[in-house]
file structure.pdb (PDB, C-alpha atoms)
MODEL        1
ATOM      1  CA  MET A   1     -86.941  21.751 -68.641
ATOM      2  CA  SER A   2     -84.226  21.766 -71.280
ATOM      3  CA  SER A   3     -81.599  24.503 -71.031
ATOM      4  CA  ASN A   4     -81.842  24.986 -74.797
ATOM      5  CA  PRO A   5     -84.542  27.530 -75.606
ATOM      6  CA  TRP A   6     -85.246  25.975 -79.007
ATOM      7  CA  GLU A   7     -86.251  22.778 -77.195
ATOM      8  CA  TRP A   8     -88.749  24.445 -74.841
ATOM      9  CA  ASP A   9     -92.358  23.413 -75.166
ATOM     10  CA  GLU A  10     -95.024  26.095 -75.522
ATOM     11  CA  PRO A  11     -96.035  26.172 -71.834
ATOM     12  CA  THR A  12     -92.410  26.918 -70.946
ATOM     13  CA  TRP A  13     -91.767  29.842 -73.273
ATOM     14  CA  ARG A  14     -95.286  31.168 -72.916
ATOM     15  CA  GLY A  15     -95.009  30.946 -69.132
ATOM     16  CA  LYS A  16     -91.892  33.110 -69.151
ATOM     17  CA  VAL A  17     -93.595  35.745 -71.269
ATOM     18  CA  GLU A  18     -96.835  35.785 -69.289
ATOM     19  CA  ALA A  19     -95.320  35.878 -65.788
ATOM     20  CA  VAL A  20     -95.262  39.694 -65.610
ATOM     21  CA  ARG A  21     -97.117  41.454 -68.369
ATOM     22  CA  ALA A  22     -98.526  44.831 -69.335
ATOM     23  CA  GLY A  23    -102.269  45.038 -68.826
ATOM     24  CA  ARG A  24    -104.636  47.788 -69.841
ATOM     25  CA  SER A  25    -103.379  51.268 -70.489
ATOM     26  CA  LEU A  26    -103.937  53.645 -67.597
ATOM     27  CA  LEU A  27    -103.374  56.778 -69.659
ATOM     28  CA  PRO A  28    -106.236  59.045 -68.582
ATOM     29  CA  GLU A  29    -108.438  60.853 -71.079
ATOM     30  CA  ARG A  30    -107.308  64.107 -69.512
ATOM     31  CA  TRP A  31    -104.707  65.203 -67.011
ATOM     32  CA  PRO A  32    -105.530  67.425 -64.007
ATOM     33  CA  ASN A  33    -106.539  71.022 -64.668
ATOM     34  CA  GLY A  34    -106.543  70.525 -68.407
ATOM     35  CA  ALA A  35    -102.822  69.767 -68.644
ATOM     36  CA  ARG A  36    -101.657  68.516 -72.008
ATOM     37  CA  CYS A  37     -99.224  65.969 -70.578
ATOM     38  CA  ALA A  38     -97.738  64.737 -67.309
ATOM     39  CA  VAL A  39     -94.050  65.076 -66.436
ATOM     40  CA  ALA A  40     -92.411  62.753 -63.904
ATOM     41  CA  LEU A  41     -88.853  63.709 -62.985
ATOM     42  CA  SER A  42     -86.889  61.115 -61.040
ATOM     43  CA  PHE A  43     -83.435  61.007 -59.507
ATOM     44  CA  ASP A  44     -81.812  57.751 -58.449
ATOM     45  CA  SER A  45     -79.763  58.723 -55.398
ATOM     46  CA  ASP A  46     -77.383  55.778 -55.476
ATOM     47  CA  HIS A  47     -74.506  57.723 -53.914
ATOM     48  CA  GLU A  48     -71.917  55.381 -52.372
ATOM     49  CA  THR A  49     -73.950  52.201 -52.931
ATOM     50  CA  ASN A  50     -72.709  51.627 -56.484
ATOM     51  CA  GLU A  51     -69.319  50.707 -55.038
ATOM     52  CA  LEU A  52     -70.695  49.004 -51.932
ATOM     53  CA  ARG A  53     -73.110  46.893 -53.993
ATOM     54  CA  ASP A  54     -70.171  45.402 -55.882
ATOM     55  CA  GLY A  55     -68.362  44.554 -52.661
ATOM     56  CA  GLY A  56     -65.726  47.160 -53.445
ATOM     57  CA  ASP A  57     -63.721  49.418 -51.213
ATOM     58  CA  SER A  58     -62.325  51.893 -53.732
ATOM     59  CA  VAL A  59     -62.006  55.173 -51.902
ATOM     60  CA  ALA A  60     -62.129  57.023 -55.223
ATOM     61  CA  ARG A  61     -65.399  55.395 -56.309
ATOM     62  CA  LEU A  62     -66.923  55.949 -52.875
ATOM     63  CA  SER A  63     -65.984  59.618 -53.148
ATOM     64  CA  TRP A  64     -67.632  59.744 -56.580
ATOM     65  CA  GLY A  65     -70.832  58.600 -54.914
ATOM     66  CA  GLU A  66     -70.302  61.173 -52.183
ATOM     67  CA  TYR A  67     -70.169  63.861 -54.871
ATOM     68  CA  GLY A  68     -73.785  63.005 -55.651
ATOM     69  CA  THR A  69     -74.928  64.059 -52.202
ATOM     70  CA  ARG A  70     -72.473  66.953 -51.651
ATOM     71  CA  ARG A  71     -72.865  68.741 -54.985
ATOM     72  CA  GLY A  72     -75.309  66.877 -57.228
ATOM     73  CA  ILE A  73     -78.347  66.946 -54.954
ATOM     74  CA  PRO A  74     -77.967  70.638 -53.996
ATOM     75  CA  ARG A  75     -77.729  71.656 -57.663
ATOM     76  CA  ILE A  76     -80.723  69.520 -58.588
ATOM     77  CA  ARG A  77     -82.766  70.922 -55.704
ATOM     78  CA  SER A  78     -81.864  74.451 -56.721
ATOM     79  CA  VAL A  79     -83.139  73.868 -60.252
ATOM     80  CA  LEU A  80     -86.326  72.185 -59.063
ATOM     81  CA  ASP A  81     -86.980  75.027 -56.618
ATOM     82  CA  ARG A  82     -86.480  77.627 -59.339
ATOM     83  CA  PHE A  83     -89.219  76.038 -61.444
ATOM     84  CA  GLY A  84     -91.454  75.017 -58.547
ATOM     85  CA  ALA A  85     -91.178  71.384 -59.665
ATOM     86  CA  LYS A  86     -91.679  68.381 -57.397
ATOM     87  CA  ALA A  87     -89.809  65.178 -58.151
ATOM     88  CA  SER A  88     -89.285  61.605 -56.984
ATOM     89  CA  PHE A  89     -85.989  60.417 -55.522
ATOM     90  CA  PHE A  90     -85.387  56.668 -55.528
ATOM     91  CA  VAL A  91     -83.027  55.923 -52.672
ATOM     92  CA  PRO A  92     -81.312  52.700 -51.586
ATOM     93  CA  ALA A  93     -81.809  52.257 -47.852
ATOM     94  CA  VAL A  94     -78.051  52.367 -47.244
ATOM     95  CA  SER A  95     -77.883  55.735 -49.032
ATOM     96  CA  ALA A  96     -80.676  56.948 -46.781
ATOM     97  CA  LEU A  97     -78.843  55.730 -43.663
ATOM     98  CA  LEU A  98     -75.669  57.469 -44.800
ATOM     99  CA  HIS A  99     -77.504  60.717 -45.596
ATOM    100  CA  PRO A 100     -80.729  60.784 -43.540
ATOM    101  CA  GLU A 101     -80.949  64.584 -43.436
ATOM    102  CA  GLU A 102     -81.038  64.684 -47.236
ATOM    103  CA  GLN A 103     -84.065  62.402 -47.422
ATOM    104  CA  ALA A 104     -85.952  64.087 -44.584
ATOM    105  CA  SER A 105     -85.466  67.546 -46.058
ATOM    106  CA  LEU A 106     -86.552  66.429 -49.532
ATOM    107  CA  VAL A 107     -89.794  65.054 -48.139
ATOM    108  CA  ALA A 108     -90.303  68.243 -46.119
ATOM    109  CA  GLU A 109     -90.047  70.204 -49.385
ATOM    110  CA  GLY A 110     -92.770  68.116 -51.034
ATOM    111  CA  HIS A 111     -90.640  65.661 -52.977
ATOM    112  CA  GLU A 112     -91.136  61.895 -52.877
ATOM    113  CA  ILE A 113     -88.753  59.209 -51.632
ATOM    114  CA  GLY A 114     -89.235  55.831 -53.304
ATOM    115  CA  LEU A 115     -87.784  52.361 -52.810
ATOM    116  CA  HIS A 116     -84.584  51.489 -54.641
ATOM    117  CA  GLY A 117     -83.413  48.373 -52.848
ATOM    118  CA  TRP A 118     -81.265  48.019 -49.745
ATOM    119  CA  ILE A 119     -77.699  48.533 -50.978
ATOM    120  CA  HIS A 120     -78.476  48.916 -54.689
ATOM    121  CA  GLU A 121     -78.175  45.139 -54.945
ATOM    122  CA  ARG A 122     -78.963  43.421 -58.221
ATOM    123  CA  ASN A 123     -82.254  42.012 -57.032
ATOM    124  CA  THR A 124     -82.248  39.398 -59.794
ATOM    125  CA  ASP A 125     -79.059  37.897 -58.322
ATOM    126  CA  VAL A 126     -80.102  37.458 -54.688
ATOM    127  CA  PRO A 127     -82.131  34.510 -53.315
ATOM    128  CA  PRO A 128     -85.901  35.067 -53.082
ATOM    129  CA  GLU A 129     -86.036  35.221 -49.291
ATOM    130  CA  ALA A 130     -83.119  37.643 -49.217
ATOM    131  CA  GLU A 131     -84.789  39.882 -51.802
ATOM    132  CA  ARG A 132     -87.955  39.948 -49.714
ATOM    133  CA  ASP A 133     -86.065  40.730 -46.516
ATOM    134  CA  LEU A 134     -84.060  43.506 -48.172
ATOM    135  CA  MET A 135     -87.135  45.147 -49.698
ATOM    136  CA  LEU A 136     -89.155  45.026 -46.467
ATOM    137  CA  ARG A 137     -86.218  46.367 -44.445
ATOM    138  CA  ALA A 138     -85.690  49.112 -47.001
ATOM    139  CA  ALA A 139     -89.339  50.188 -46.765
ATOM    140  CA  ASP A 140     -89.135  50.277 -42.962
ATOM    141  CA  THR A 141     -85.871  52.232 -43.056
ATOM    142  CA  LEU A 142     -87.139  54.907 -45.444
ATOM    143  CA  GLU A 143     -90.273  55.311 -43.328
ATOM    144  CA  GLN A 144     -88.236  55.677 -40.140
ATOM    145  CA  ILE A 145     -86.001  58.320 -41.701
ATOM    146  CA  THR A 146     -88.621  60.369 -43.558
ATOM    147  CA  GLY A 147     -91.789  59.688 -41.592
ATOM    148  CA  VAL A 148     -93.514  58.612 -44.812
ATOM    149  CA  ARG A 149     -94.038  55.035 -45.944
ATOM    150  CA  PRO A 150     -92.888  54.649 -49.577
ATOM    151  CA  VAL A 151     -95.685  53.780 -52.007
ATOM    152  CA  GLY A 152     -93.572  53.074 -55.085
ATOM    153  CA  MET A 153     -90.409  51.315 -56.109
ATOM    154  CA  ARG A 154     -87.743  51.257 -58.763
ATOM    155  CA  THR A 155     -85.746  48.052 -58.655
ATOM    156  CA  PRO A 156     -81.986  48.657 -58.481
ATOM    157  CA  SER A 157     -81.417  46.527 -61.574
ATOM    158  CA  TRP A 158     -84.416  47.840 -63.539
ATOM    159  CA  ASP A 159     -85.534  44.223 -63.688
ATOM    160  CA  TYR A 160     -87.729  41.686 -61.913
ATOM    161  CA  SER A 161     -86.743  38.397 -60.363
ATOM    162  CA  PRO A 162     -89.403  35.643 -60.216
ATOM    163  CA  VAL A 163     -90.546  37.007 -56.816
ATOM    164  CA  THR A 164     -90.237  40.791 -57.223
ATOM    165  CA  LEU A 165     -93.867  41.325 -58.143
ATOM    166  CA  GLN A 166     -95.020  39.112 -55.281
ATOM    167  CA  ILE A 167     -92.997  41.271 -52.869
ATOM    168  CA  ALA A 168     -94.418  44.478 -54.337
ATOM    169  CA  ARG A 169     -97.927  43.124 -53.835
ATOM    170  CA  GLU A 170     -97.134  42.098 -50.267
ATOM    171  CA  LEU A 171     -95.942  45.649 -49.583
ATOM    172  CA  GLY A 172     -99.173  47.010 -51.036
ATOM    173  CA  LEU A 173     -97.321  49.341 -53.385
ATOM    174  CA  LEU A 174     -99.252  51.816 -55.492
ATOM    175  CA  TYR A 175     -96.794  51.757 -58.365
ATOM    176  CA  ASP A 176     -93.579  50.480 -59.853
ATOM    177  CA  SER A 177     -91.183  52.274 -62.190
ATOM    178  CA  SER A 178     -88.802  49.592 -63.480
ATOM    179  CA  LEU A 179     -90.341  48.140 -66.652
ATOM    180  CA  PHE A 180     -90.447  49.073 -70.322
ATOM    181  CA  ALA A 181     -93.635  47.859 -72.030
ATOM    182  CA  ASP A 182     -95.070  51.279 -72.955
ATOM    183  CA  ASP A 183     -94.436  55.008 -72.960
ATOM    184  CA  ASP A 184     -97.468  55.669 -70.789
ATOM    185  CA  PRO A 185     -98.829  54.229 -67.522
ATOM    186  CA  TYR A 186    -100.307  50.746 -67.537
ATOM    187  CA  GLU A 187    -101.475  48.122 -65.078
ATOM    188  CA  ILE A 188     -99.127  45.266 -64.217
ATOM    189  CA  LEU A 189    -100.543  41.759 -64.667
ATOM    190  CA  ASP A 190     -99.369  38.805 -62.600
ATOM    191  CA  GLN A 191     -99.866  35.601 -64.618
ATOM    192  CA  GLY A 192    -102.668  37.400 -66.415
ATOM    193  CA  GLU A 193    -104.267  38.547 -63.156
ATOM    194  CA  SER A 194    -104.914  42.186 -62.339
ATOM    195  CA  THR A 195    -102.604  43.445 -59.592
ATOM    196  CA  GLY A 196    -103.880  46.976 -59.116
ATOM    197  CA  ILE A 197    -100.269  48.190 -59.404
ATOM    198  CA  VAL A 198     -99.552  51.075 -61.763
ATOM    199  CA  GLU A 199     -96.452  50.856 -63.923
ATOM    200  CA  LEU A 200     -94.780  54.165 -64.776
ATOM    201  CA  PRO A 201     -92.414  52.896 -67.473
ATOM    202  CA  VAL A 202     -88.733  53.719 -67.641
ATOM    203  CA  GLU A 203     -86.503  53.650 -70.718
ATOM    204  CA  TRP A 204     -82.724  53.817 -71.095
ATOM    205  CA  ILE A 205     -83.221  56.498 -73.735
ATOM    206  CA  ARG A 206     -84.609  58.744 -70.976
ATOM    207  CA  ASP A 207     -81.802  57.982 -68.500
ATOM    208  CA  ASP A 208     -78.565  59.934 -68.220
ATOM    209  CA  ALA A 209     -76.354  56.967 -67.272
ATOM    210  CA  PRO A 210     -76.014  55.309 -70.721
ATOM    211  CA  TYR A 211     -74.737  58.560 -72.196
ATOM    212  CA  PHE A 212     -72.129  59.410 -69.560
ATOM    213  CA  MET A 213     -71.298  56.376 -67.399
ATOM    214  CA  MET A 214     -67.755  55.053 -67.673
ATOM    215  CA  ASN A 215     -65.685  52.192 -66.311
ATOM    216  CA  ARG A 216     -62.182  53.401 -65.561
ATOM    217  CA  PHE A 217     -60.557  49.989 -66.031
ATOM    218  CA  GLY A 218     -62.840  48.598 -68.722
ATOM    219  CA  ALA A 219     -63.985  49.282 -72.249
ATOM    220  CA  GLN A 220     -67.112  51.123 -71.138
ATOM    221  CA  ARG A 221     -66.261  54.757 -71.828
ATOM    222  CA  PRO A 222     -69.288  56.350 -73.457
ATOM    223  CA  TYR A 223     -69.443  60.065 -73.854
ATOM    224  CA  THR A 224     -72.295  61.881 -75.502
ATOM    225  CA  PRO A 225     -72.064  65.678 -75.618
ATOM    226  CA  PRO A 226     -74.464  67.078 -72.990
ATOM    227  CA  SER A 227     -76.160  69.211 -75.660
ATOM    228  CA  ASP A 228     -77.013  66.022 -77.557
ATOM    229  CA  VAL A 229     -78.431  64.418 -74.412
ATOM    230  CA  LEU A 230     -80.608  67.486 -73.900
ATOM    231  CA  ASP A 231     -81.793  67.163 -77.489
ATOM    232  CA  ILE A 232     -82.776  63.514 -76.959
ATOM    233  CA  PHE A 233     -84.628  64.281 -73.729
ATOM    234  CA  ARG A 234     -86.373  67.269 -75.289
ATOM    235  CA  ARG A 235     -87.509  65.211 -78.278
ATOM    236  CA  GLU A 236     -88.863  62.544 -75.934
ATOM    237  CA  PHE A 237     -90.792  65.219 -74.069
ATOM    238  CA  ASP A 238     -92.061  66.795 -77.286
ATOM    239  CA  GLY A 239     -93.375  63.394 -78.363
ATOM    240  CA  ALA A 240     -95.184  62.907 -75.052
ATOM    241  CA  TYR A 241     -96.614  66.409 -75.300
ATOM    242  CA  ALA A 242     -97.860  65.834 -78.851
ATOM    243  CA  GLU A 243     -99.549  62.578 -77.806
ATOM    244  CA  GLY A 244    -100.909  63.877 -74.502
ATOM    245  CA  GLY A 245     -98.998  61.215 -72.609
ATOM    246  CA  LEU A 246     -96.393  60.808 -69.880
ATOM    247  CA  PHE A 247     -92.813  62.034 -69.998
ATOM    248  CA  LEU A 248     -90.721  60.231 -67.376
ATOM    249  CA  LEU A 249     -87.037  61.091 -66.952
ATOM    250  CA  THR A 250     -84.375  59.391 -64.838
ATOM    251  CA  MET A 251     -81.208  61.199 -63.767
ATOM    252  CA  HIS A 252     -78.482  60.515 -61.212
ATOM    253  CA  PRO A 253     -77.000  63.181 -58.901
ATOM    254  CA  HIS A 254     -73.470  61.778 -59.340
ATOM    255  CA  ILE A 255     -73.811  61.829 -63.134
ATOM    256  CA  SER A 256     -75.787  64.922 -64.095
ATOM    257  CA  GLY A 257     -75.036  67.078 -61.058
ATOM    258  CA  TYR A 258     -71.890  68.533 -62.592
ATOM    259  CA  ARG A 259     -71.354  72.148 -63.634
ATOM    260  CA  SER A 260     -71.197  71.168 -67.299
ATOM    261  CA  ARG A 261     -74.326  68.984 -67.204
ATOM    262  CA  ILE A 262     -76.841  70.546 -64.832
ATOM    263  CA  PHE A 263     -77.977  72.808 -67.665
ATOM    264  CA  ILE A 264     -79.669  69.747 -69.193
ATOM    265  CA  LEU A 265     -82.215  69.760 -66.374
ATOM    266  CA  GLU A 266     -82.427  73.563 -66.372
ATOM    267  CA  GLU A 267     -83.100  73.948 -70.085
ATOM    268  CA  LEU A 268     -85.406  70.951 -70.193
ATOM    269  CA  LEU A 269     -87.556  72.366 -67.386
ATOM    270  CA  ASP A 270     -87.527  75.760 -69.051
ATOM    271  CA  HIS A 271     -88.809  74.120 -72.247
ATOM    272  CA  ILE A 272     -91.449  72.131 -70.360
ATOM    273  CA  THR A 273     -92.768  75.010 -68.279
ATOM    274  CA  SER A 274     -92.824  77.359 -71.270
ATOM    275  CA  LYS A 275     -95.659  75.255 -72.678
ATOM    276  CA  GLY A 276     -97.868  76.456 -69.846
ATOM    277  CA  ASP A 277    -100.003  73.332 -69.740
ATOM    278  CA  CYS A 278     -97.853  70.516 -68.331
ATOM    279  CA  TRP A 279     -98.459  68.782 -65.018
ATOM    280  CA  VAL A 280     -95.068  68.282 -63.313
ATOM    281  CA  ALA A 281     -95.694  65.948 -60.389
ATOM    282  CA  THR A 282     -94.187  63.158 -58.319
ATOM    283  CA  HIS A 283     -94.485  59.574 -59.468
ATOM    284  CA  ALA A 284     -96.847  58.876 -56.581
ATOM    285  CA  GLU A 285     -99.163  61.730 -57.568
ATOM    286  CA  ILE A 286     -99.274  60.628 -61.190
ATOM    287  CA  ALA A 287     -99.771  56.951 -60.333
ATOM    288  CA  ARG A 288    -102.546  57.773 -57.871
ATOM    289  CA  TYR A 289    -104.345  59.946 -60.420
ATOM    290  CA  CYS A 290    -104.097  57.228 -63.070
ATOM    291  CA  ALA A 291    -105.344  54.569 -60.643
ATOM    292  CA  GLU A 292    -108.262  56.646 -59.450
ATOM    293  CA  THR A 293    -109.261  57.738 -62.945
ATOM    294  CA  ALA A 294    -109.233  54.124 -64.151
ATOM    295  CA  GLY A 295    -111.044  52.834 -61.061
ATOM    296  CA  LEU A 296    -108.130  50.532 -60.369
ATOM    297  CA  LYS A 297    -108.508  48.286 -57.357
ATOM    298  CA  GLY A 298    -105.384  47.316 -55.442
TER     299      GLY A 298
ENDMDL
END
call {"tool": "encode", "arguments": {"input": "structure.pdb", "output": "structure tokens"}}
result
Amino acid sequence: MSSNPWEWDEPTWRGKVEAVRAGRSLLPERWPNGARCAVALSFDSDHETNELRDGGDSVARLSWGEYGTRRGIPRIRSVLDRFGAKASFFVPAVSALLHPEEQASLVAEGHEIGLHGWIHERNTDVPPEAERDLMLRAADTLEQITGVRPVGMRTPSWDYSPVTLQIARELGLLYDSSLFADDDPYEILDQGESTGIVELPVEWIRDDAPYFMMNRFGAQRPYTPPSDVLDIFRREFDGAYAEGGLFLLTMHPHISGYRSRIFILEELLDHITSKGDCWVATHAEIARYCAETAGLKG
């Protein structure tokens, strides 16, 4: 195969496109109990693994990750408790090993713990066998710590390697939340074949990191006023509500857990719950409902 894309034959470029594809929509005709839309709140508990993943040993960056567990998670839990909302926490296995009591207590409170790699590795950069080993070990580790086998994943890189879907199928996962092909749930196809796996799509627009993440020694220094981020998230929710679809949000404890930013989650949940007809549920609950409603076979 030529390295120049303009020289590829049709089977080559079509094969790349068709490898992992969006299948039929799994948006149900109605949500449980007559809800107008479904709301899936997720928190990627990367903690210290952002620095560890890069092979770094910066004490300052490790302490930034530690802030996520010391202050970010407690503030997030307090807000969720106030609104009676259950959420999904995607946790690298190393984060879970560093903070096992956090994961166990979240599950005890009715929240979900999902797969998020071993050490927040870029799964597209590791060899296939290593990716498989890391994912299987991560699933075992989360189960040992929480007592619950994870049923869903979010890849650490929000991307798929050529073997990621194969590994997800081997694990028998109910859902993934790493891809972008729709606003609403859909079935993932593997080379055109039904997989029975529900995709709950992510989007950088509905993630706090692009608005606030910075690189101290690089050119990456974005800063969006928190009130503007709230406005974006609220407009995304309002669109999902108007269409009767899914609103899925991703936040990070070490990014949005600060005193000046936690109000984003507070005011957003206040707006959502004021509607009176929204189903706020874990990713697993939403994926299972969509699968069962569509008669999806794993």
call {"tool": "residues_near_point", "arguments": {"input": "structure.pdb", "point": "(-101.8, 58.2, -69.1)", "cutoff": "9 Å", "atoms": "only C-alpha atoms", "output": "list of chain:residue names"}}
result
A:Ser25, A:Leu26, A:Leu27, A:Pro28, A:Glu29, A:Arg30, A:Trp31, A:Cys37, A:Ala38, A:Asp183, A:Asp184, A:Pro185, A:Tyr186, A:Gly244, A:Gly245, A:Leu246, A:Ile286, A:Cys290
call {"tool": "atom_distance", "arguments": {"input": "structure.pdb", "atom1": "atom CA of Asp190 of chain A", "atom2": "atom CA of Glu203 of chain A"}}
result
21.3 Å
call {"tool": "resolve_selection", "arguments": {"input": "structure.pdb", "expression": "the PyMOL selection byres ((chain A and resi 62) around 8)", "output": "number ranges by chain"}}
result
A: 47-49, 51-52, 57-61, 63-66
call {"tool": "resolve_selection", "arguments": {"input": "structure.pdb", "expression": "the PyMOL selection byres ((chain A and resi 103) around 9)", "output": "PyMOL selection string"}}
result
chain A and resi 89+91+96+99-102+104-108+112-113+142+145-146
call {"tool": "write_last_selection", "arguments": {"input": "structure.pdb", "atoms": "C-alpha atoms", "output": "compact mmCIF listing (two decimals), keeping the file's coordinate frame"}}
result
# COMPACT_ATOMS: atom_id res chain seq x y z
CA PHE A 89 -85.99 60.42 -55.52
CA VAL A 91 -83.03 55.92 -52.67
CA ALA A 96 -80.68 56.95 -46.78
CA HIS A 99 -77.50 60.72 -45.60
CA PRO A 100 -80.73 60.78 -43.54
CA GLU A 101 -80.95 64.58 -43.44
CA GLU A 102 -81.04 64.68 -47.24
CA ALA A 104 -85.95 64.09 -44.58
CA SER A 105 -85.47 67.55 -46.06
CA LEU A 106 -86.55 66.43 -49.53
CA VAL A 107 -89.79 65.05 -48.14
CA ALA A 108 -90.30 68.24 -46.12
CA GLU A 112 -91.14 61.90 -52.88
CA ILE A 113 -88.75 59.21 -51.63
CA LEU A 142 -87.14 54.91 -45.44
CA ILE A 145 -86.00 58.32 -41.70
CA THR A 146 -88.62 60.37 -43.56
call {"tool": "residues_around", "arguments": {"input": "structure.pdb", "residues": "Gln220 of chain A", "least_positions_apart": "5", "cutoff": "12 Å", "atoms": "only C-alpha atoms", "output": "PyMOL selection string"}}
result
chain A and resi 209-215
call {"tool": "resolve_selection", "arguments": {"input": "structure.pdb", "expression": "the PyMOL selection byres ((chain A and resi 282) around 6)", "output": "list in words"}}
result
Ala40, Lys86, Ala87, Ser88, Ala281, His283, Ala284 and Glu285 of chain A
call {"tool": "atom_distance", "arguments": {"input": "structure.pdb", "atom1": "atom CA of Phe90 of chain A", "atom2": "atom CA of Asp46 of chain A"}}
result
8.1 Å
call {"tool": "closest_residue", "arguments": {"input": "structure.pdb", "among": "A:Val126, A:Val79, A:Leu265, A:Val280", "to": "Ser161 of chain A", "atoms": "only C-alpha atoms"}}
result
A:Val126
call {"tool": "closest_atom_pairs", "arguments": {"input": "structure.pdb", "of": "segment 220-291 of chain A", "to": "segment 191-197 of chain A", "cutoff": "10 Å", "atoms": "all atoms listed in the file", "output": "tab-separated table"}}
result
residue	atom	partner	partner_atom	distance
A:Ala287	CA	A:Ile197	CA	8.8
A:Arg288	CA	A:Ile197	CA	10.0
A:Ala291	CA	A:Gly196	CA	7.9
call {"tool": "closest_residue", "arguments": {"input": "structure.pdb", "among": "A:Glu10, A:Pro74, A:Asp176, A:Asn50", "to": "Glu121 of chain A", "atoms": "all atoms listed in the file"}}
result
A:Asn50
call {"tool": "closest_residue", "arguments": {"input": "structure.pdb", "among": "A:Ala242, A:Ala130, A:Val202, A:Leu41", "to": "Ser157 of chain A", "atoms": "all atoms listed in the file"}}
result
A:Val202
call {"tool": "atom_distance", "arguments": {"input": "structure.pdb", "atom1": "atom CA of Leu268 of chain A", "atom2": "atom CA of Asn33 of chain A"}}
result
21.8 Å
call {"tool": "build_atoms", "arguments": {"input": "structure.pdb", "residues": "segment 234-246 of chain A", "atoms": "N, CA, C and O atoms", "output": "PDB file, in the coordinates of the input"}}
result
ATOM      1  N   ARG A 234     -85.371  66.311 -74.837  1.00  0.00           N
ATOM      2  CA  ARG A 234     -86.373  67.269 -75.289  1.00  0.00           C
ATOM      3  C   ARG A 234     -87.271  66.656 -76.362  1.00  0.00           C
ATOM      4  O   ARG A 234     -88.486  66.878 -76.357  1.00  0.00           O
ATOM      5  N   ARG A 235     -86.703  65.868 -77.258  1.00  0.00           N
ATOM      6  CA  ARG A 235     -87.509  65.211 -78.278  1.00  0.00           C
ATOM      7  C   ARG A 235     -88.454  64.182 -77.663  1.00  0.00           C
ATOM      8  O   ARG A 235     -89.588  64.002 -78.117  1.00  0.00           O
ATOM      9  N   GLU A 236     -87.983  63.476 -76.637  1.00  0.00           N
ATOM     10  CA  GLU A 236     -88.863  62.544 -75.934  1.00  0.00           C
ATOM     11  C   GLU A 236     -90.025  63.290 -75.278  1.00  0.00           C
ATOM     12  O   GLU A 236     -91.175  62.845 -75.333  1.00  0.00           O
ATOM     13  N   PHE A 237     -89.717  64.421 -74.653  1.00  0.00           N
ATOM     14  CA  PHE A 237     -90.792  65.219 -74.069  1.00  0.00           C
ATOM     15  C   PHE A 237     -91.745  65.729 -75.145  1.00  0.00           C
ATOM     16  O   PHE A 237     -92.974  65.660 -74.985  1.00  0.00           O
ATOM     17  N   ASP A 238     -91.206  66.258 -76.228  1.00  0.00           N
ATOM     18  CA  ASP A 238     -92.061  66.795 -77.286  1.00  0.00           C
ATOM     19  C   ASP A 238     -93.002  65.727 -77.835  1.00  0.00           C
ATOM     20  O   ASP A 238     -94.161  66.008 -78.165  1.00  0.00           O
ATOM     21  N   GLY A 239     -92.521  64.486 -77.915  1.00  0.00           N
ATOM     22  CA  GLY A 239     -93.375  63.394 -78.363  1.00  0.00           C
ATOM     23  C   GLY A 239     -94.494  63.114 -77.376  1.00  0.00           C
ATOM     24  O   GLY A 239     -95.648  62.905 -77.767  1.00  0.00           O
ATOM     25  N   ALA A 240     -94.151  63.120 -76.076  1.00  0.00           N
ATOM     26  CA  ALA A 240     -95.184  62.907 -75.052  1.00  0.00           C
ATOM     27  C   ALA A 240     -96.202  64.039 -75.071  1.00  0.00           C
ATOM     28  O   ALA A 240     -97.409  63.810 -74.927  1.00  0.00           O
ATOM     29  N   TYR A 241     -95.722  65.247 -75.263  1.00  0.00           N
ATOM     30  CA  TYR A 241     -96.614  66.409 -75.300  1.00  0.00           C
ATOM     31  C   TYR A 241     -97.561  66.311 -76.497  1.00  0.00           C
ATOM     32  O   TYR A 241     -98.764  66.558 -76.381  1.00  0.00           O
ATOM     33  N   ALA A 242     -97.031  65.942 -77.649  1.00  0.00           N
ATOM     34  CA  ALA A 242     -97.860  65.834 -78.851  1.00  0.00           C
ATOM     35  C   ALA A 242     -98.937  64.767 -78.690  1.00  0.00           C
ATOM     36  O   ALA A 242    -100.057  64.928 -79.192  1.00  0.00           O
ATOM     37  N   GLU A 243     -98.608  63.686 -77.977  1.00  0.00           N
ATOM     38  CA  GLU A 243     -99.549  62.578 -77.806  1.00  0.00           C
ATOM     39  C   GLU A 243    -100.421  62.720 -76.566  1.00  0.00           C
ATOM     40  O   GLU A 243    -101.319  61.904 -76.345  1.00  0.00           O
ATOM     41  N   GLY A 244    -100.140  63.726 -75.732  1.00  0.00           N
ATOM     42  CA  GLY A 244    -100.909  63.877 -74.502  1.00  0.00           C
ATOM     43  C   GLY A 244    -100.608  62.811 -73.481  1.00  0.00           C
ATOM     44  O   GLY A 244    -101.474  62.424 -72.688  1.00  0.00           O
ATOM     45  N   GLY A 245     -99.354  62.331 -73.475  1.00  0.00           N
ATOM     46  CA  GLY A 245     -98.998  61.215 -72.609  1.00  0.00           C
ATOM     47  C   GLY A 245     -98.135  61.598 -71.429  1.00  0.00           C
ATOM     48  O   GLY A 245     -98.218  62.704 -70.885  1.00  0.00           O
ATOM     49  N   LEU A 246     -97.280  60.650 -71.030  1.00  0.00           N
ATOM     50  CA  LEU A 246     -96.393  60.808 -69.880  1.00  0.00           C
ATOM     51  C   LEU A 246     -94.956  60.948 -70.353  1.00  0.00           C
ATOM     52  O   LEU A 246     -94.493  60.173 -71.192  1.00  0.00           O
TER      53      LEU A 246
END
